[in-house]
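J.: Provided herewith: protein26.csv, CSV, C-alpha atoms.
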```
chain,number,residue,atom,x,y,z
A,1,ALA,CA,-32.2,-14.5,56.4
A,2,GLN,CA,-32.5,-12.4,59.6
A,3,SER,CA,-35.0,-9.6,59.7
A,4,VAL,CA,-36.6,-7.1,62.0
A,5,ALA,CA,-39.8,-5.2,61.6
A,6,GLN,CA,-40.8,-1.8,63.1
A,7,PRO,CA,-44.6,-1.7,62.7
A,8,GLU,CA,-44.9,2.0,63.5
A,9,ASP,CA,-43.7,4.8,61.2
A,10,GLN,CA,-44.1,7.4,63.9
A,11,VAL,CA,-44.7,7.4,67.6
A,12,ASN,CA,-46.0,10.6,69.4
A,13,VAL,CA,-45.6,11.1,73.1
A,14,ALA,CA,-45.8,14.0,75.5
A,15,GLU,CA,-42.7,15.0,77.4
A,16,GLY,CA,-42.6,13.3,80.7
A,17,ASN,CA,-44.7,10.3,79.6
A,18,PRO,CA,-43.2,6.9,79.1
A,19,LEU,CA,-42.4,5.9,75.5
A,20,THR,CA,-42.2,2.6,73.7
A,21,VAL,CA,-40.9,2.0,70.2
A,22,LYS,CA,-41.7,-1.5,68.9
A,23,CYS,CA,-39.5,-4.0,67.1
A,24,THR,CA,-40.1,-7.6,66.3
A,25,TYR,CA,-37.6,-10.0,64.9
A,26,SER,CA,-37.3,-13.1,62.8
A,27,VAL,CA,-34.1,-15.0,63.1
A,28,SER,CA,-32.7,-18.5,63.0
A,29,GLY,CA,-30.8,-19.3,66.2
A,30,ASN,CA,-30.2,-16.8,69.0
A,31,PRO,CA,-30.8,-13.2,68.1
A,32,TYR,CA,-28.3,-10.5,68.5
A,33,LEU,CA,-30.3,-7.3,68.6
A,34,PHE,CA,-29.5,-3.6,68.5
A,35,TRP,CA,-31.1,-0.2,68.8
A,36,TYR,CA,-29.6,2.9,67.1
A,37,VAL,CA,-30.8,6.5,67.0
A,38,GLN,CA,-30.4,9.0,64.2
A,39,TYR,CA,-30.8,12.7,64.7
A,40,PRO,CA,-31.4,15.0,61.7
A,41,ASN,CA,-28.5,15.1,59.3
A,42,ARG,CA,-26.4,12.9,61.5
A,43,GLY,CA,-25.1,9.3,61.4
A,44,LEU,CA,-26.4,6.5,63.6
A,45,GLN,CA,-25.6,6.4,67.3
A,46,PHE,CA,-25.6,3.1,69.2
A,47,LEU,CA,-28.1,2.9,72.1
A,48,LEU,CA,-28.0,-0.6,73.4
A,49,LYS,CA,-27.7,-4.3,72.4
A,50,TYR,CA,-29.0,-7.7,73.5
A,51,ILE,CA,-26.7,-10.6,73.3
A,52,THR,CA,-27.7,-12.9,76.1
A,53,GLY,CA,-28.6,-12.8,79.7
A,54,ASP,CA,-31.1,-10.5,81.3
A,55,ASN,CA,-34.1,-9.7,79.2
A,56,LEU,CA,-34.0,-6.1,80.3
A,57,VAL,CA,-31.1,-4.3,78.7
A,58,LYS,CA,-30.1,-0.8,79.8
A,59,GLY,CA,-28.5,1.6,77.4
A,60,SER,CA,-27.5,5.2,76.7
A,61,TYR,CA,-29.5,8.3,77.6
A,62,GLY,CA,-31.9,6.4,79.9
A,63,PHE,CA,-33.2,4.0,77.3
A,64,GLU,CA,-33.8,0.4,77.9
A,65,ALA,CA,-35.1,-2.5,75.9
A,66,GLU,CA,-37.0,-5.6,76.8
A,67,PHE,CA,-36.2,-8.8,75.0
A,68,ASN,CA,-39.2,-11.2,74.8
A,69,LYS,CA,-38.4,-14.5,73.2
A,70,SER,CA,-42.0,-15.9,73.2
A,71,GLN,CA,-43.3,-12.8,71.4
A,72,THR,CA,-40.0,-12.3,69.3
A,73,SER,CA,-39.9,-8.7,70.3
A,74,PHE,CA,-37.3,-6.2,71.4
A,75,HIS,CA,-39.2,-3.0,72.3
A,76,LEU,CA,-37.3,0.1,73.2
A,77,LYS,CA,-38.5,2.0,76.2
A,78,LYS,CA,-37.9,5.0,78.4
A,79,PRO,CA,-39.8,5.9,81.6
A,80,SER,CA,-39.9,9.6,80.9
A,81,ALA,CA,-39.6,11.1,77.4
A,82,LEU,CA,-37.7,14.3,76.7
A,83,VAL,CA,-38.2,16.7,73.8
A,84,SER,CA,-34.6,16.0,72.9
A,85,ASP,CA,-35.4,12.3,72.3
A,86,SER,CA,-37.2,13.3,69.1
A,87,ALA,CA,-35.3,11.4,66.4
A,88,LEU,CA,-35.4,8.4,64.1
A,89,TYR,CA,-34.9,5.0,65.8
A,90,PHE,CA,-33.7,1.9,64.1
A,91,CYS,CA,-33.9,-1.7,65.4
A,92,ALA,CA,-31.3,-4.0,63.9
A,93,VAL,CA,-30.3,-7.7,64.0
A,94,ARG,CA,-26.9,-9.2,63.4
A,95,GLU,CA,-26.6,-11.6,60.5
A,96,ARG,CA,-23.5,-13.7,60.0
A,97,LEU,CA,-21.9,-13.7,56.6
A,98,ASN,CA,-20.4,-16.8,55.1
A,99,THR,CA,-16.9,-15.3,55.6
A,100,GLY,CA,-17.3,-15.4,59.3
A,101,PHE,CA,-17.9,-11.7,59.5
A,102,GLN,CA,-21.2,-10.0,60.3
A,103,LYS,CA,-23.5,-7.3,59.0
A,104,LEU,CA,-26.5,-5.5,60.6
A,105,VAL,CA,-29.9,-5.8,59.1
A,106,PHE,CA,-32.0,-2.8,59.9
A,107,GLY,CA,-35.7,-2.1,60.2
A,108,THR,CA,-37.4,0.7,58.4
A,109,GLY,CA,-37.1,3.0,61.3
A,110,THR,CA,-39.6,4.7,63.6
A,111,ARG,CA,-39.8,8.5,64.0
A,112,LEU,CA,-40.3,9.5,67.6
A,113,LEU,CA,-41.9,12.9,68.2
A,114,VAL,CA,-41.9,14.2,71.8
A,115,SER,CA,-44.1,17.2,72.3
A,116,PRO,CA,-43.5,19.8,75.1
B,117,ASP,CA,-10.6,10.3,70.4
B,118,ALA,CA,-11.9,11.0,67.0
B,119,GLY,CA,-14.8,9.0,65.8
B,120,VAL,CA,-15.4,7.7,62.3
B,121,THR,CA,-14.9,10.5,59.8
B,122,GLN,CA,-16.3,10.6,56.3
B,123,SER,CA,-15.8,13.0,53.4
B,124,PRO,CA,-17.3,14.7,51.6
B,125,THR,CA,-20.3,15.5,53.7
B,126,HIS,CA,-22.4,16.5,50.8
B,127,LEU,CA,-22.0,16.2,47.1
B,128,ILE,CA,-24.0,16.6,43.9
B,129,LYS,CA,-23.4,14.6,40.8
B,130,THR,CA,-25.1,14.1,37.5
B,131,ARG,CA,-26.2,10.8,36.0
B,132,GLY,CA,-23.4,8.7,34.5
B,133,GLN,CA,-20.7,10.3,36.6
B,134,HIS,CA,-18.4,8.6,39.1
B,135,VAL,CA,-18.1,9.3,42.8
B,136,THR,CA,-15.5,8.4,45.5
B,137,LEU,CA,-16.4,8.5,49.2
B,138,ARG,CA,-13.9,8.3,51.9
B,139,CYS,CA,-13.9,7.0,55.4
B,140,SER,CA,-11.4,6.9,58.3
B,141,PRO,CA,-12.2,4.4,61.1
B,142,ILE,CA,-11.8,4.9,64.8
B,143,SER,CA,-8.2,4.4,65.8
B,144,GLY,CA,-7.6,0.7,66.4
B,145,HIS,CA,-10.6,-0.5,64.4
B,146,LYS,CA,-9.6,-2.8,61.6
B,147,SER,CA,-13.0,-3.5,60.2
B,148,VAL,CA,-14.9,-1.0,58.0
B,149,SER,CA,-18.4,-1.4,56.6
B,150,TRP,CA,-20.4,0.7,54.2
B,151,TYR,CA,-24.2,1.1,54.2
B,152,GLN,CA,-26.6,2.9,51.9
B,153,GLN,CA,-29.6,4.7,53.5
B,154,VAL,CA,-32.2,5.9,51.0
B,155,LEU,CA,-34.6,8.5,52.3
B,156,GLY,CA,-37.3,6.9,54.4
B,157,GLN,CA,-35.6,3.5,54.7
B,158,GLY,CA,-33.2,1.8,57.0
B,159,PRO,CA,-29.5,1.4,56.1
B,160,GLN,CA,-28.7,-1.4,53.7
B,161,PHE,CA,-25.4,-3.3,53.8
B,162,ILE,CA,-23.0,-2.7,50.9
B,163,PHE,CA,-19.6,-3.9,51.9
B,164,GLN,CA,-17.4,-5.0,54.7
B,165,TYR,CA,-13.6,-4.9,54.7
B,166,TYR,CA,-11.1,-6.2,57.1
B,167,GLU,CA,-7.3,-6.2,56.7
B,168,LYS,CA,-7.7,-4.7,53.2
B,169,GLU,CA,-9.8,-7.6,52.0
B,170,GLU,CA,-13.5,-7.7,51.1
B,171,ARG,CA,-15.2,-9.9,53.7
B,172,GLY,CA,-18.8,-9.3,52.7
B,173,ARG,CA,-20.9,-7.8,49.9
B,174,GLY,CA,-24.5,-6.9,49.9
B,175,ASN,CA,-27.0,-7.0,47.0
B,176,PHE,CA,-25.6,-4.1,45.0
B,177,PRO,CA,-24.5,-4.0,41.3
B,178,ASP,CA,-20.9,-4.1,40.2
B,179,ARG,CA,-21.0,-0.4,39.7
B,180,PHE,CA,-20.3,-0.3,43.5
B,181,SER,CA,-16.8,-1.1,44.6
B,182,ALA,CA,-14.6,-0.4,47.6
B,183,ARG,CA,-11.2,-0.9,49.0
B,184,GLN,CA,-9.4,-0.6,52.3
B,185,PHE,CA,-5.9,0.8,52.7
B,186,PRO,CA,-3.0,-0.3,55.0
B,187,ASN,CA,-4.0,2.4,57.5
B,188,TYR,CA,-7.6,0.8,57.6
B,189,SER,CA,-9.2,3.8,55.9
B,190,SER,CA,-11.6,3.0,53.1
B,191,GLU,CA,-13.0,4.3,49.8
B,192,LEU,CA,-16.4,3.5,48.3
B,193,ASN,CA,-16.6,4.1,44.5
B,194,VAL,CA,-19.8,4.2,42.5
B,195,ASN,CA,-19.6,4.3,38.7
B,196,ALA,CA,-22.2,5.3,36.1
B,197,LEU,CA,-24.4,7.0,38.7
B,198,LEU,CA,-28.1,6.6,38.5
B,199,LEU,CA,-30.8,8.8,40.1
B,200,GLY,CA,-31.6,5.9,42.5
B,201,ASP,CA,-28.1,6.1,43.9
B,202,SER,CA,-29.1,9.3,45.7
B,203,ALA,CA,-28.7,8.4,49.4
B,204,LEU,CA,-26.8,8.9,52.6
B,205,TYR,CA,-23.8,6.7,52.5
B,206,LEU,CA,-22.7,5.6,56.0
B,207,CYS,CA,-19.4,4.2,57.0
B,208,ALA,CA,-19.0,2.2,60.2
B,209,SER,CA,-16.0,0.8,61.9
B,210,SER,CA,-15.8,-1.9,64.6
B,211,LEU,CA,-13.6,-4.2,66.4
B,212,LEU,CA,-15.3,-7.1,64.7
B,213,GLU,CA,-13.0,-9.8,63.7
B,214,PRO,CA,-13.7,-13.3,62.3
B,215,THR,CA,-15.3,-15.6,64.9
B,216,THR,CA,-13.1,-18.4,65.8
B,217,GLY,CA,-15.7,-20.7,67.2
B,218,ARG,CA,-14.2,-20.3,70.7
B,219,GLY,CA,-16.1,-17.2,71.4
B,220,ASP,CA,-18.3,-14.7,69.8
B,221,ASP,CA,-17.6,-11.1,68.9
B,222,THR,CA,-20.7,-9.0,69.4
B,223,GLY,CA,-19.3,-5.5,69.2
B,224,GLU,CA,-21.4,-2.8,67.9
B,225,LEU,CA,-20.8,-0.7,64.8
B,226,PHE,CA,-19.7,2.9,65.2
B,227,PHE,CA,-21.0,5.1,62.4
B,228,GLY,CA,-19.8,8.2,60.8
B,229,GLU,CA,-22.0,11.2,60.0
B,230,GLY,CA,-22.4,10.0,56.4
B,231,SER,CA,-21.9,11.4,52.9
B,232,ARG,CA,-25.1,12.7,51.3
B,233,LEU,CA,-25.0,12.0,47.6
B,234,THR,CA,-27.5,13.7,45.3
B,235,VAL,CA,-27.6,12.5,41.7
B,236,LEU,CA,-29.4,14.8,39.2
```
Written as structure tokens, how would this file's structure read?

T.:
Amino acid sequence: AQSVAQPEDQVNVAEGNPLTVKCTYSVSGNPYLFWYVQYPNRGLQFLLKYITGDNLVKGSYGFEAEFNKSQTSFHLKKPSALVSDSALYFCAVRERLNTGFQKLVFGTGTRLLVSP
Amino acid sequence: DAGVTQSPTHLIKTRGQHVTLRCSPISGHKSVSWYQQVLGQGPQFIFQYYEKEERGRGNFPDRFSARQFPNYSSELNVNALLLGDSALYLCASSLLEPTTGRGDDTGELFFGEGSRLTVL
């Protein structure tokens, strides 16, 4: 089974500083990796995905993620954090079902708190 | 264009009752999935439906059931509610279709705002 791990329950960063939210994965075959963000009392919003190609993936709201095969990691990054980035971030990996369809397997989430 | 819409947004039930949650996918999306997000955890896969048929089921008891209608909207039903069923139930739609072996569909899921169920 595919899985992802988010080792940090919470990440604190000051506004304007770079941020990193960590994710490691365990998959058989090539990983299809995703980042989603969840604001309070809201659903999940797609940020970016890695399928193949460049190891640096650019996404929404200035976020990017670096795929590292040797370290089995897919860390989410942003050069300059905003207070409005404060939210819950989920890493996810695609797992194929035996019907040919797919589901997402999510990590436990990392709460990002950006202070003014 | 409207995104994925879910109803109701909040509801309170007591143990043993039944609940029906509804979801309308993005126009043109034929695949609908349901996820359960318990407080403090990541979403867990419950069901996937495509063209009105169940295409995948997560590790949930038979008290959980779902269906998809000809207009691709979907319902999630939970019978004999338990306290542990309290959660945010998320519906997601996508353009995902069965892979044919000739290519690979890697589209992302588009989530609704969720239905927050509290079981007392």

J.: Which one is closest to A:Pro31: A:His75, A:Lys58, A:Lys49, A:Arg111? Count all atoms listed in the file.

T.: A:Lys49

J.: Pull the closest atom pair for each residue of chain A that gets at most 12 Å from chain B, along with the distance in Å to one decimal, counting only C-alpha atoms, ordering rows by chain and then ascending residue number, as CSV.

T.:
```
residue,atom,partner,partner_atom,distance
A:Ser3,CA,B:Gly158,CA,11.9
A:Val4,CA,B:Gly158,CA,10.8
A:Ala5,CA,B:Gly158,CA,10.7
A:Gln6,CA,B:Gly158,CA,10.4
A:Asp9,CA,B:Gly156,CA,9.6
A:Gln10,CA,B:Gly156,CA,11.7
A:Pro31,CA,B:Thr222,CA,11.0
A:Tyr32,CA,B:Thr222,CA,7.8
A:Leu33,CA,B:Thr222,CA,9.8
A:Phe34,CA,B:Glu224,CA,8.2
A:Trp35,CA,B:Glu224,CA,10.1
A:Tyr36,CA,B:Leu225,CA,9.8
A:Val37,CA,B:Phe227,CA,10.9
A:Gln38,CA,B:Glu229,CA,9.6
A:Tyr39,CA,B:Glu229,CA,10.1
A:Pro40,CA,B:Glu229,CA,10.3
A:Asn41,CA,B:Glu229,CA,7.6
A:Arg42,CA,B:Glu229,CA,4.9
A:Gly43,CA,B:Glu229,CA,3.9
A:Leu44,CA,B:Phe227,CA,5.7
A:Gln45,CA,B:Phe227,CA,6.8
A:Phe46,CA,B:Phe226,CA,7.1
A:Leu47,CA,B:Glu224,CA,9.7
A:Leu48,CA,B:Glu224,CA,8.9
A:Lys49,CA,B:Glu224,CA,7.9
A:Tyr50,CA,B:Thr222,CA,9.3
A:Ile51,CA,B:Thr222,CA,7.3
A:Thr52,CA,B:Thr222,CA,10.4
A:Leu88,CA,B:Gly158,CA,9.9
A:Tyr89,CA,B:Gly158,CA,9.5
A:Phe90,CA,B:Gly158,CA,7.1
A:Cys91,CA,B:Gly158,CA,9.1
A:Ala92,CA,B:Gly158,CA,9.2
A:Val93,CA,B:Glu224,CA,10.9
A:Arg94,CA,B:Thr222,CA,8.6
A:Glu95,CA,B:Phe161,CA,10.7
A:Arg96,CA,B:Gly172,CA,9.7
A:Leu97,CA,B:Gly172,CA,6.6
A:Asn98,CA,B:Gly172,CA,8.0
A:Thr99,CA,B:Arg171,CA,6.0
A:Gly100,CA,B:Pro214,CA,5.1
A:Phe101,CA,B:Pro214,CA,5.3
A:Gln102,CA,B:Leu212,CA,7.9
A:Lys103,CA,B:Phe161,CA,6.8
A:Leu104,CA,B:Phe161,CA,7.2
A:Val105,CA,B:Gln160,CA,7.1
A:Phe106,CA,B:Gly158,CA,5.6
A:Gly107,CA,B:Gly158,CA,5.6
A:Thr108,CA,B:Gly158,CA,4.6
A:Gly109,CA,B:Gly158,CA,5.9
A:Thr110,CA,B:Gly158,CA,9.6
A:Arg111,CA,B:Gly156,CA,10.0
```

J.: Quick one: pull the distance between atom CA of B:Ser181 and atom CA of B:Asn193, Å, one decimal.

T.: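 Calculated distance between atom CA of B:Ser181 and atom CA of B:Asn193 is 5.2 Å.
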
J.: I'd like to know which of A:Val114, A:Val11, A:Leu76, A:Leu56 is closest to A:Cys23, using all atoms listed in the file.

T.: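 Once distances to A:Cys23 are computed over all atoms listed in the file, the minimum belongs to A:Leu76.
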
J.: If you measure from atom CA of B:Pro186 to atom CA of B:Val135, what distance in Å do you get, rounded to one decimal?

T.: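 For atom CA of B:Pro186 relative to atom CA of B:Val135, the distance reads 21.7 Å.
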
J.: For A:Glu15, work out the shell of residues within 9 Å, counting all atoms listed in the file and skipping chain neighbours fewer than 4 positions away, then give it as an MDAnalysis selection string.

T.: chainID A and resid 80:83 114:116

J.: List the neighbours of B:Arg179 out to 10 Å using all atoms listed in the file; skip same-chain residues closer than 4 positions along the sequence, and give me the result as a ChimeraX atom specification.

T.: /B:134,193-197

J.: How many Å lie between atom CA of A:Lys77 and atom CA of A:Val27, rounded to one decimal?

T.: 21.9 Å

J.: Extract, using all atoms listed in the file, all DNA, RNA and protein residues at most 7 Å from B:Ser123, discarding same-chain residues fewer than 6 positions from it, and format them as a ChimeraX atom specification.

T.: /B:137-139,231
